[in-house]
$ cat model_9.cif   # mmCIF, C-alpha atoms
data_run
loop_
_atom_site.label_atom_id
_atom_site.label_comp_id
_atom_site.auth_asym_id
_atom_site.auth_seq_id
_atom_site.Cartn_x
_atom_site.Cartn_y
_atom_site.Cartn_z
CA MET V 1 26.24 -102.73 -22.22
CA TYR V 2 24.64 -100.77 -19.47
CA SER V 3 26.76 -99.43 -16.66
CA GLU V 4 25.48 -99.55 -13.12
CA GLY V 5 25.82 -95.78 -13.02
CA PHE V 6 23.24 -94.55 -15.46
CA GLY V 7 19.77 -93.80 -14.25
CA ILE V 8 16.95 -96.30 -14.31
CA LEU V 9 13.33 -96.12 -13.31
CA MET V 10 12.43 -98.53 -10.55
CA TYR V 11 8.93 -99.96 -10.49
CA LYS V 12 7.68 -101.89 -7.52
CA ILE V 13 5.73 -104.90 -8.71
CA THR V 14 3.53 -107.02 -6.54
CA VAL V 15 3.19 -110.63 -7.60
CA ASN V 16 -0.47 -111.80 -7.50
CA ASP V 17 -1.50 -108.27 -8.36
CA ARG V 18 -4.92 -108.11 -10.01
CA TRP V 19 -4.20 -105.19 -12.30
CA MET V 20 -5.56 -106.14 -15.73
CA PRO V 21 -4.04 -104.84 -18.94
CA MET V 22 -6.33 -103.26 -21.49
CA LYS V 23 -8.98 -105.71 -22.66
CA ASP V 24 -9.12 -104.30 -26.17
CA ALA V 25 -5.39 -104.59 -26.68
CA ILE V 26 -5.50 -108.21 -25.56
CA ARG V 27 -8.39 -108.93 -27.91
CA SER V 28 -6.46 -107.38 -30.83
CA ILE V 29 -3.32 -109.32 -30.01
CA GLU V 30 -5.31 -112.57 -29.84
CA LEU V 31 -6.98 -111.88 -33.18
CA LEU V 32 -3.64 -111.22 -34.82
CA GLN V 33 -2.23 -114.37 -33.23
CA HIS V 34 -5.01 -116.48 -34.75
CA SER V 35 -4.57 -114.83 -38.12
CA ARG V 36 -0.79 -115.34 -37.91
CA HIS V 37 -1.34 -119.00 -37.08
CA ASP V 38 -3.58 -119.52 -40.13
CA TRP V 39 -1.07 -117.78 -42.37
CA MET V 40 1.84 -119.80 -41.00
CA ASN V 41 -0.07 -122.96 -41.90
CA ARG V 42 -0.56 -121.66 -45.42
CA LEU V 43 3.11 -120.70 -45.64
CA GLN V 44 4.15 -124.17 -44.44
CA VAL V 45 2.20 -125.76 -47.28
CA ILE V 46 4.02 -123.59 -49.83
CA LYS V 47 7.37 -124.22 -48.14
CA GLY V 48 6.75 -127.97 -47.99
CA ASN V 49 5.98 -128.12 -51.69
CA LEU V 50 9.05 -126.07 -52.60
CA GLU V 51 11.25 -128.38 -50.51
CA LEU V 52 9.88 -131.35 -52.44
CA ALA V 53 10.47 -129.43 -55.69
CA ASN V 54 6.72 -129.44 -56.40
CA ILE V 55 6.94 -125.96 -57.89
CA ASP V 56 3.70 -126.20 -59.84
CA ARG V 57 1.80 -127.39 -56.78
CA ALA V 58 3.29 -124.51 -54.74
CA LYS V 59 2.02 -122.07 -57.39
CA GLU V 60 -1.43 -123.68 -57.29
CA VAL V 61 -1.50 -123.42 -53.50
CA ILE V 62 -0.71 -119.70 -53.79
CA GLU V 63 -3.60 -119.26 -56.24
CA GLU V 64 -5.92 -121.11 -53.85
CA ILE V 65 -4.83 -118.88 -50.98
CA ILE V 66 -5.47 -115.78 -53.09
CA ILE V 67 -9.03 -116.96 -53.78
CA GLU V 68 -9.62 -117.62 -50.07
CA VAL V 69 -8.23 -114.22 -49.18
CA ARG V 70 -10.49 -112.51 -51.73
CA GLN V 71 -13.47 -114.21 -50.12
CA GLU V 72 -12.33 -113.01 -46.69
CA ALA V 73 -11.97 -109.48 -48.02
CA GLN V 74 -15.41 -109.68 -49.64
CA LEU V 75 -16.96 -110.94 -46.40
CA SER V 76 -15.26 -108.09 -44.54
CA SER V 77 -16.82 -105.47 -46.78
CA LEU V 78 -20.32 -106.95 -46.83
CA GLY V 79 -21.57 -104.10 -44.65
CA VAL V 80 -22.55 -106.35 -41.73
CA PRO V 81 -19.60 -106.19 -39.32
CA ARG V 82 -20.96 -108.35 -36.50
CA LEU V 83 -21.87 -111.13 -38.88
CA SER V 84 -18.57 -110.80 -40.78
CA GLU V 85 -16.43 -110.70 -37.67
CA TRP V 86 -18.20 -113.72 -36.24
CA LEU V 87 -17.71 -115.75 -39.42
CA LEU V 88 -14.10 -114.63 -39.96
CA THR V 89 -13.16 -115.74 -36.45
CA TYR V 90 -15.55 -118.66 -35.93
CA ASN V 91 -13.02 -121.44 -36.42
CA TRP V 92 -10.44 -119.90 -34.10
CA GLY V 93 -10.05 -121.34 -30.65
CA ARG V 94 -13.26 -123.34 -30.76
CA SER V 95 -13.62 -126.56 -28.94
CA ALA V 96 -16.87 -127.40 -30.75
CA PRO V 97 -16.26 -130.00 -33.46
CA LEU V 98 -17.91 -127.94 -36.17
CA THR V 99 -16.09 -126.09 -38.92
CA VAL V 100 -17.93 -123.23 -40.57
CA LYS V 101 -16.93 -122.31 -44.12
CA TYR V 102 -18.46 -119.70 -46.37
CA GLU V 103 -18.63 -118.59 -49.95
CA LEU V 104 -19.81 -115.32 -51.43
CA LEU V 105 -21.25 -115.67 -54.89
CA SER V 106 -21.52 -111.97 -55.56
CA GLU V 107 -20.12 -108.59 -54.70
CA GLY V 108 -22.54 -106.28 -52.99
CA LYS V 109 -23.54 -104.90 -49.65
CA ILE V 110 -26.19 -105.73 -47.11
CA PRO V 111 -27.65 -102.75 -45.22
CA GLY V 112 -26.06 -102.40 -41.78
CA GLN V 113 -29.47 -102.63 -40.11
CA LEU V 114 -29.68 -106.27 -41.14
CA ASP V 115 -26.42 -107.06 -39.36
CA GLU V 116 -28.03 -107.74 -36.00
CA PRO V 117 -31.06 -109.81 -37.16
CA ILE V 118 -29.10 -111.98 -39.61
CA PHE V 119 -26.24 -112.44 -37.15
CA ALA V 120 -28.56 -113.25 -34.24
CA TRP V 121 -30.57 -115.77 -36.26
CA LEU V 122 -27.53 -117.48 -37.76
CA LYS V 123 -25.81 -117.64 -34.38
CA ARG V 124 -28.87 -119.25 -32.78
CA ILE V 125 -28.99 -121.88 -35.53
CA VAL V 126 -25.23 -122.55 -35.46
CA ASP V 127 -25.27 -122.82 -31.65
CA LYS V 128 -27.95 -125.51 -31.97
CA ILE V 129 -26.03 -127.36 -34.70
CA GLU V 130 -22.85 -127.18 -32.59
CA LYS V 131 -24.61 -128.92 -29.71
CA SER V 132 -26.05 -131.52 -32.05
CA VAL V 133 -22.94 -132.68 -33.91
CA PRO V 134 -21.04 -135.77 -32.77
CA VAL V 135 -17.54 -135.30 -31.35
CA GLU V 136 -14.45 -136.83 -33.00
CA VAL V 137 -15.91 -136.48 -36.47
CA ASN V 138 -15.30 -133.84 -39.11
CA ASN V 139 -18.50 -131.80 -39.24
CA GLU V 140 -18.76 -128.99 -41.72
CA LEU V 141 -21.30 -126.24 -42.19
CA TYR V 142 -21.07 -124.36 -45.44
CA LEU V 143 -22.75 -120.97 -45.81
CA ILE V 144 -23.34 -119.58 -49.26
CA PHE V 145 -24.19 -115.88 -49.57
CA HIS V 146 -25.70 -114.33 -52.62
CA VAL V 147 -26.49 -110.64 -52.40
CA ASP V 148 -28.86 -109.48 -55.08
CA GLN V 149 -28.55 -105.74 -54.85
CA GLU V 150 -31.22 -104.97 -57.45
CA GLN V 151 -33.79 -107.13 -55.74
CA SER V 152 -32.60 -105.97 -52.29
CA VAL V 153 -32.27 -109.51 -51.06
CA LEU V 154 -29.67 -111.76 -49.48
CA GLN V 155 -30.11 -115.38 -50.42
CA LEU V 156 -28.44 -117.64 -47.93
CA THR V 157 -27.85 -121.37 -48.24
CA LEU V 158 -26.77 -123.58 -45.34
CA GLU V 159 -25.24 -126.93 -46.20
CA TYR V 160 -24.21 -129.47 -43.59
CA GLU V 161 -22.01 -132.51 -44.10
CA GLY V 162 -20.70 -134.59 -41.24
CA GLY V 163 -21.54 -136.98 -38.47
CA SER V 164 -25.07 -137.94 -37.55
CA LEU V 165 -26.86 -135.04 -35.86
CA ALA V 166 -28.56 -135.57 -32.48
CA CYS V 167 -31.64 -133.65 -33.69
CA SER V 168 -33.29 -133.64 -37.07
CA PRO V 169 -32.29 -130.74 -39.34
CA LYS V 170 -35.87 -129.46 -39.24
CA GLU V 171 -35.80 -129.27 -35.44
CA LEU V 172 -32.47 -127.43 -35.63
CA LEU V 173 -33.75 -124.88 -38.09
CA ALA V 174 -37.06 -124.34 -36.30
CA ASP V 175 -36.93 -120.73 -35.11
CA ALA V 176 -40.03 -118.67 -34.45
CA ASP V 177 -38.17 -115.38 -34.95
CA GLY V 178 -36.26 -116.48 -38.02
CA PRO V 179 -37.07 -116.29 -41.72
CA ALA V 180 -38.95 -119.00 -43.58
CA VAL V 181 -36.72 -121.72 -44.98
CA LYS V 182 -36.87 -124.01 -47.99
CA TRP V 183 -35.45 -127.51 -47.77
CA ALA V 184 -33.39 -129.03 -50.56
CA GLU V 185 -32.16 -131.99 -48.54
CA ALA V 186 -32.64 -133.09 -44.95
CA SER V 187 -30.96 -136.17 -43.52
CA LYS V 188 -29.10 -136.54 -40.23
CA ASN V 189 -25.70 -136.59 -41.95
CA SER V 190 -26.30 -133.99 -44.51
CA PHE V 191 -28.73 -131.18 -45.13
CA ALA V 192 -29.19 -128.19 -47.40
CA VAL V 193 -31.60 -125.39 -46.72
CA LYS V 194 -32.20 -121.98 -48.25
CA THR V 195 -33.56 -118.79 -46.86
CA SER V 196 -33.51 -115.13 -47.70
CA PHE V 197 -33.47 -111.73 -46.07
CA LYS V 198 -35.12 -108.96 -47.98
CA TRP V 199 -35.01 -105.25 -47.36
CA CYS V 200 -36.43 -102.18 -48.94
CA ALA V 201 -34.84 -98.78 -48.97
CA VAL V 202 -36.93 -95.82 -47.90
CA LYS V 203 -35.46 -92.51 -48.93
CA GLN V 204 -35.59 -89.83 -46.24
CA ASP V 205 -36.18 -86.21 -47.24
CA MET X 1 -33.72 -120.18 -57.55
CA TYR X 2 -36.18 -118.74 -55.11
CA SER X 3 -39.84 -118.71 -55.94
CA GLU X 4 -41.99 -115.73 -55.10
CA GLY X 5 -44.08 -118.00 -52.92
CA PHE X 6 -41.79 -118.92 -50.12
CA GLY X 7 -41.65 -116.69 -47.10
CA ILE X 8 -39.18 -113.90 -46.65
CA LEU X 9 -38.56 -111.48 -43.85
CA MET X 10 -39.06 -107.90 -44.88
CA TYR X 11 -36.95 -105.28 -43.19
CA LYS X 12 -37.67 -101.62 -43.64
CA ILE X 13 -34.45 -99.75 -44.10
CA THR X 14 -34.10 -96.01 -43.95
CA VAL X 15 -31.31 -94.58 -46.05
CA ASN X 16 -29.29 -91.95 -44.10
CA ASP X 17 -30.06 -93.84 -40.95
CA ARG X 18 -27.53 -93.23 -38.20
CA TRP X 19 -27.60 -96.72 -36.72
CA MET X 20 -23.98 -97.71 -36.08
CA PRO X 21 -22.84 -101.30 -36.24
CA MET X 22 -20.81 -102.66 -33.35
CA LYS X 23 -17.58 -100.71 -32.90
CA ASP X 24 -15.61 -103.70 -31.70
CA ALA X 25 -16.57 -105.82 -34.68
CA ILE X 26 -15.49 -103.03 -37.02
CA ARG X 27 -12.19 -102.68 -35.19
CA SER X 28 -11.57 -106.45 -35.49
CA ILE X 29 -12.42 -106.47 -39.17
CA GLU X 30 -10.07 -103.55 -39.80
CA LEU X 31 -7.24 -105.24 -37.93
CA LEU X 32 -7.69 -108.42 -39.93
CA GLN X 33 -7.81 -106.38 -43.14
CA HIS X 34 -4.46 -104.77 -42.36
CA SER X 35 -2.94 -108.11 -41.45
CA ARG X 36 -4.36 -109.66 -44.64
CA HIS X 37 -2.87 -106.82 -46.66
CA ASP X 38 0.61 -107.37 -45.17
CA TRP X 39 0.37 -111.09 -45.81
CA MET X 40 -0.78 -110.59 -49.40
CA ASN X 41 2.32 -108.45 -49.98
CA ARG X 42 4.49 -111.22 -48.58
CA LEU X 43 2.68 -113.79 -50.73
CA GLN X 44 3.14 -111.64 -53.84
CA VAL X 45 6.91 -111.62 -53.29
CA ILE X 46 6.97 -115.43 -53.10
CA LYS X 47 4.67 -115.70 -56.12
CA GLY X 48 6.77 -113.22 -58.12
CA ASN X 49 9.93 -115.16 -57.45
CA LEU X 50 8.31 -118.46 -58.39
CA GLU X 51 7.06 -116.97 -61.64
CA LEU X 52 10.60 -115.88 -62.48
CA ALA X 53 11.83 -119.38 -61.53
CA ASN X 54 13.86 -117.90 -58.65
CA ILE X 55 13.08 -120.88 -56.47
CA ASP X 56 16.00 -120.37 -54.09
CA ARG X 57 15.08 -116.74 -53.60
CA ALA X 58 11.44 -117.76 -52.92
CA LYS X 59 12.69 -120.16 -50.24
CA GLU X 60 14.85 -117.43 -48.70
CA VAL X 61 11.87 -115.06 -48.66
CA ILE X 62 9.85 -117.70 -46.80
CA GLU X 63 12.64 -118.05 -44.23
CA GLU X 64 12.72 -114.26 -43.80
CA ILE X 65 8.96 -114.17 -43.28
CA ILE X 66 9.20 -116.94 -40.67
CA ILE X 67 11.78 -114.88 -38.73
CA GLU X 68 9.55 -111.79 -38.90
CA VAL X 69 6.55 -113.78 -37.75
CA ARG X 70 8.50 -115.23 -34.81
CA GLN X 71 9.38 -111.69 -33.77
CA GLU X 72 5.70 -110.69 -34.00
CA ALA X 73 4.73 -113.69 -31.88
CA GLN X 74 7.44 -112.85 -29.34
CA LEU X 75 6.27 -109.24 -29.16
CA SER X 76 2.70 -110.48 -28.66
CA SER X 77 3.67 -112.56 -25.66
CA LEU X 78 5.88 -109.98 -23.98
CA GLY X 79 3.25 -109.46 -21.27
CA VAL X 80 2.61 -105.82 -22.15
CA PRO X 81 -0.48 -105.85 -24.39
CA ARG X 82 -0.94 -102.11 -24.92
CA LEU X 83 2.68 -101.68 -25.94
CA SER X 84 2.61 -104.81 -28.12
CA GLU X 85 -0.66 -103.95 -29.81
CA TRP X 86 0.54 -100.43 -30.54
CA LEU X 87 3.81 -101.65 -32.07
CA LEU X 88 2.18 -104.48 -34.04
CA THR X 89 -0.27 -102.06 -35.64
CA TYR X 90 1.81 -98.87 -35.76
CA ASN X 91 2.61 -98.98 -39.48
CA TRP X 92 -1.00 -99.63 -40.52
CA GLY X 93 -3.00 -96.78 -41.90
CA ARG X 94 -0.60 -94.08 -40.79
CA SER X 95 -0.15 -90.93 -42.73
CA ALA X 96 2.96 -89.98 -40.73
CA PRO X 97 6.10 -90.67 -42.78
CA LEU X 98 7.74 -92.71 -40.05
CA THR X 99 8.13 -96.48 -40.08
CA VAL X 100 8.62 -98.16 -36.75
CA LYS X 101 10.42 -101.51 -36.71
CA TYR X 102 11.39 -103.63 -33.76
CA GLU X 103 13.59 -106.48 -32.74
CA LEU X 104 13.48 -108.64 -29.63
CA LEU X 105 16.86 -109.97 -28.62
CA SER X 106 15.55 -112.30 -25.95
CA GLU X 107 12.58 -114.33 -24.84
CA GLY X 108 11.07 -113.23 -21.59
CA LYS X 109 8.24 -111.29 -20.07
CA ILE X 110 7.82 -107.78 -18.75
CA PRO X 111 5.43 -107.43 -15.78
CA GLY X 112 2.03 -106.18 -16.92
CA GLN X 113 2.25 -103.21 -14.58
CA LEU X 114 5.00 -101.77 -16.76
CA ASP X 115 2.75 -101.87 -19.80
CA GLU X 116 1.23 -98.46 -19.19
CA PRO X 117 4.38 -96.51 -18.20
CA ILE X 118 6.57 -97.93 -21.00
CA PHE X 119 3.81 -97.55 -23.58
CA ALA X 120 2.95 -94.01 -22.48
CA TRP X 121 6.59 -92.91 -22.51
CA LEU X 122 7.39 -94.50 -25.86
CA LYS X 123 4.24 -93.10 -27.43
CA ARG X 124 5.09 -89.59 -26.24
CA ILE X 125 8.57 -89.88 -27.75
CA VAL X 126 7.35 -91.40 -31.02
CA ASP X 127 4.64 -88.74 -31.34
CA LYS X 128 7.34 -86.09 -31.08
CA ILE X 129 9.59 -87.84 -33.60
CA GLU X 130 6.62 -88.20 -35.98
CA LYS X 131 6.06 -84.46 -35.92
CA SER X 132 9.75 -83.80 -36.44
CA VAL X 133 10.51 -86.01 -39.45
CA PRO X 134 10.49 -84.55 -42.97
CA VAL X 135 7.76 -85.68 -45.35
CA GLU X 136 8.54 -87.52 -48.60
CA VAL X 137 11.59 -89.23 -47.12
CA ASN X 138 11.95 -92.73 -45.74
CA ASN X 139 12.28 -92.29 -41.98
CA GLU X 140 12.80 -95.33 -39.83
CA LEU X 141 12.75 -95.83 -36.09
CA TYR X 142 14.14 -99.10 -34.88
CA LEU X 143 13.33 -100.33 -31.38
CA ILE X 144 15.47 -103.05 -29.86
CA PHE X 145 14.13 -104.85 -26.79
CA HIS X 146 16.23 -106.91 -24.49
CA VAL X 147 14.47 -108.39 -21.49
CA ASP X 148 16.87 -109.57 -18.82
CA GLN X 149 14.60 -111.63 -16.61
CA GLU X 150 17.22 -112.39 -13.98
CA GLN X 151 18.11 -108.75 -13.54
CA SER X 152 14.43 -107.74 -13.83
CA VAL X 153 15.20 -105.15 -16.45
CA LEU X 154 14.14 -104.23 -19.96
CA GLN X 155 16.90 -102.62 -21.96
CA LEU X 156 15.50 -100.61 -24.81
CA THR X 157 17.45 -99.07 -27.67
CA LEU X 158 15.96 -96.51 -30.07
CA GLU X 159 17.73 -96.01 -33.38
CA TYR X 160 16.66 -93.45 -35.94
CA GLU X 161 17.75 -93.25 -39.57
CA GLY X 162 16.13 -90.91 -42.05
CA GLY X 163 15.61 -87.35 -43.10
CA SER X 164 16.84 -84.40 -41.11
CA LEU X 165 14.78 -83.95 -37.95
CA ALA X 166 13.19 -80.58 -37.17
CA CYS X 167 14.34 -80.83 -33.54
CA SER X 168 17.56 -82.18 -32.13
CA PRO X 169 17.37 -85.78 -30.87
CA LYS X 170 18.06 -84.57 -27.33
CA GLU X 171 15.08 -82.23 -27.45
CA LEU X 172 12.92 -85.07 -28.76
CA LEU X 173 13.97 -87.42 -26.00
CA ALA X 174 13.68 -84.83 -23.23
CA ASP X 175 10.88 -86.12 -21.01
CA ALA X 176 10.56 -85.21 -17.36
CA ASP X 177 8.47 -88.31 -16.57
CA GLY X 178 10.59 -90.72 -18.59
CA PRO X 179 13.60 -92.82 -17.68
CA ALA X 180 17.18 -91.58 -17.95
CA VAL X 181 18.74 -92.16 -21.37
CA LYS X 182 22.25 -92.78 -22.60
CA TRP X 183 23.32 -91.45 -25.99
CA ALA X 184 25.40 -93.49 -28.40
CA GLU X 185 24.91 -91.17 -31.36
CA ALA X 186 22.95 -87.98 -31.87
CA SER X 187 22.80 -86.22 -35.23
CA LYS X 188 19.76 -84.83 -37.04
CA ASN X 189 19.71 -87.68 -39.56
CA SER X 190 20.54 -90.48 -37.26
CA PHE X 191 20.54 -91.17 -33.56
CA ALA X 192 20.89 -94.06 -31.17
CA VAL X 193 19.90 -93.92 -27.54
CA LYS X 194 19.53 -96.48 -24.79
CA THR X 195 17.36 -96.63 -21.74
CA SER X 196 16.08 -99.21 -19.34
CA PHE X 197 13.07 -100.04 -17.23
CA LYS X 198 13.75 -101.95 -14.08
CA TRP X 199 11.29 -103.66 -11.76
CA CYS X 200 11.47 -105.65 -8.60
CA ALA X 201 9.05 -108.39 -7.61
CA VAL X 202 7.54 -108.25 -4.15
CA LYS X 203 5.98 -111.50 -3.02
CA GLN X 204 2.61 -111.17 -1.34
CA ASP X 205 1.70 -113.51 1.51
#

$ encode --input "model_9.cif" --output "structure tokens"
Amino acid sequence: MYSEGFGILMYKITVNDRWMPMKDAIRSIELLQHSRHDWMNRLQVIKGNLELANIDRAKEVIEEIIIEVRQEAQLSSLGVPRLSEWLLTYNWGRSAPLTVKYELLSEGKIPGQLDEPIFAWLKRIVDKIEKSVPVEVNNELYLIFHVDQEQSVLQLTLEYEGGSLACSPKELLADADGPAVKWAEASKNSFAVKTSFKWCAVKQD
Amino acid sequence: MYSEGFGILMYKITVNDRWMPMKDAIRSIELLQHSRHDWMNRLQVIKGNLELANIDRAKEVIEEIIIEVRQEAQLSSLGVPRLSEWLLTYNWGRSAPLTVKYELLSEGKIPGQLDEPIFAWLKRIVDKIEKSVPVEVNNELYLIFHVDQEQSVLQLTLEYEGGSLACSPKELLADADGPAVKWAEASKNSFAVKTSFKWCAVKQD
């Protein structure tokens, strides 16, 4: 225990003080909190199965988590940090009743210069979908990425499943600055649409 | 598959281009990568035990992880984001052969205004210890936090165990701007020292 005698630093604190702690540190702590929360949920599923002696199911759950984590790692190293960060954190702390999931069908990198245009376009579309989905229903948007490195193209599929949308899918996807899209399905409860982003490398001397 | 016919956006990319993607997004992605890496290690331990049919051990490991995670969450909500963020991420991507661990003996909050002075002091000390530890040995610094909310004081204990330090512990802890310290043990392979940070709340009208 501490004796009264040994020196201490005294700091005068004013309640209601407006001093703000470092924004970046707070942002990092929040990110790690969300990640921790997701992982605790995963851990609880394993724990629950072990408590019920469902050992095989617990092992399966672990394998499923490993696949998810590989996808997260793949998304993180796609070369498009703004897009990746947005997708990795999309479902955290959202009040909008839309869940965004993703799948990467290939390894590969997208040039960093495409980060901003792809991110900006996708965010505009997702913002519109968010505002169009009904509340109190499970609405899911599934993004499928396929990077074809040889052809220098990202093929991107958007699939929606959920409650009836307030606007038609074609209205939602209408975007003058965006890429052309190709419809596979378009109803108010479910749609599937494909698009692509192509680039070409120009070698500098 | 995509037909040649349907529209694509063409982006001209210059190799060797110096365009930098958003710093913050990169920082977030890196943080999540480190966290993912830690969690994958934890998951591997559970998985390994299940594969060897050590079900009880797997359950124990889960309980140990839950305790660790509670400590992380407690550190995150201590009210001192710079200090918390630094400690939460200290062991990630370090080349210095020092591991920093921590324990929080109590719930409670430290006023945000103490974030900077405590963080700055602790960082100065840890930087010095880092430079003083031998390489190729397991060196561990253990920080024990006890927030006494009623007494408005943080009691902080630093315990070192590891290889022989290049400087004496008393030299390492000598800091004109820091708080007074009280030695419990001080050898070159092991030391324990206590200090405290006190504050007083002044109500503003």

$ atom_distance --input "model_9.cif" --atom1 "CA of Ser76 (chain X)" --atom2 "CA of Trp39 (chain X)"
17.3 Å

$ resolve_selection --input "model_9.cif" --expression "the PyMOL selection byres ((chain X and resi 156) around 7)" --output "list in words"
Leu143, Ile144, Phe145, His146, Leu154, Gln155, Thr157, Leu158, Lys194, Thr195 and Ser196 of chain X

$ closest_residue --input "model_9.cif" --among "V:Val135, V:Ala25, V:Ala120, V:Leu32" --to "Thr89 (chain V)" --atoms "only C-alpha atoms"
V:Leu32

$ closest_residue --input "model_9.cif" --among "X:Asn189, X:Ala184, X:Leu104, X:Lys123" --to "chain V" --atoms "all atoms listed in the file"
X:Ala184

$ atom_distance --input "model_9.cif" --atom1 "CA of Glu116 (chain X)" --atom2 "CA of Ser84 (chain X)"
11.0 Å

$ closest_residue --input "model_9.cif" --among "V:Cys167, V:Ile110, V:Ile46, V:Val100" --to "Tyr142 (chain V)" --atoms "only C-alpha atoms"
V:Val100

$ resolve_selection --input "model_9.cif" --expression "the PyMOL selection byres ((chain X and resi 60) around 12)" --output "list in words"
Lys47, Leu50 and Glu51 of chain V; Val45, Ile46, Asn49, Leu50, Asn54, Ile55, Asp56, Arg57, Ala58, Lys59, Val61, Ile62, Glu63, Glu64, Ile65, Ile66 and Ile67 of chain X

$ axis_aligned_box --input "model_9.cif" --around "region 149-157 of chain V" --padding-each-side "3 Å" --output "lines of an AutoDock Vina configuration file"
center_x = -30.8
center_y = -113.2
center_z = -52.7
size_x = 11.9
size_y = 22.4
size_z = 15.5

$ residues_around --input "model_9.cif" --residues "Glu185 (chain X)" --least-positions-apart "5" --cutoff "12 Å" --atoms "all atoms listed in the file" --output "number ranges by chain"
X: 157-161, 168-170, 190-194

$ write_last_selection --input "model_9.cif" --atoms "C-alpha atoms" --output "PDB file, in the frame of the given file"
ATOM      1  CA  THR X 157      17.450 -99.070 -27.670  1.00  0.00           C
ATOM      2  CA  LEU X 158      15.960 -96.510 -30.070  1.00  0.00           C
ATOM      3  CA  GLU X 159      17.730 -96.010 -33.380  1.00  0.00           C
ATOM      4  CA  TYR X 160      16.660 -93.450 -35.940  1.00  0.00           C
ATOM      5  CA  GLU X 161      17.750 -93.250 -39.570  1.00  0.00           C
ATOM      6  CA  SER X 168      17.560 -82.180 -32.130  1.00  0.00           C
ATOM      7  CA  PRO X 169      17.370 -85.780 -30.870  1.00  0.00           C
ATOM      8  CA  LYS X 170      18.060 -84.570 -27.330  1.00  0.00           C
ATOM      9  CA  SER X 190      20.540 -90.480 -37.260  1.00  0.00           C
ATOM     10  CA  PHE X 191      20.540 -91.170 -33.560  1.00  0.00           C
ATOM     11  CA  ALA X 192      20.890 -94.060 -31.170  1.00  0.00           C
ATOM     12  CA  VAL X 193      19.900 -93.920 -27.540  1.00  0.00           C
ATOM     13  CA  LYS X 194      19.530 -96.480 -24.790  1.00  0.00           C
TER      14      LYS X 194
END

$ residues_around --input "model_9.cif" --residues "Lys23 (chain V)" --least-positions-apart "6" --cutoff "10 Å" --atoms "all atoms listed in the file" --output "ChimeraX atom specification"
/V:29 /X:81-82

$ atom_distance --input "model_9.cif" --atom1 "CA of Asn91 (chain V)" --atom2 "CA of Glu140 (chain V)"
10.9 Å
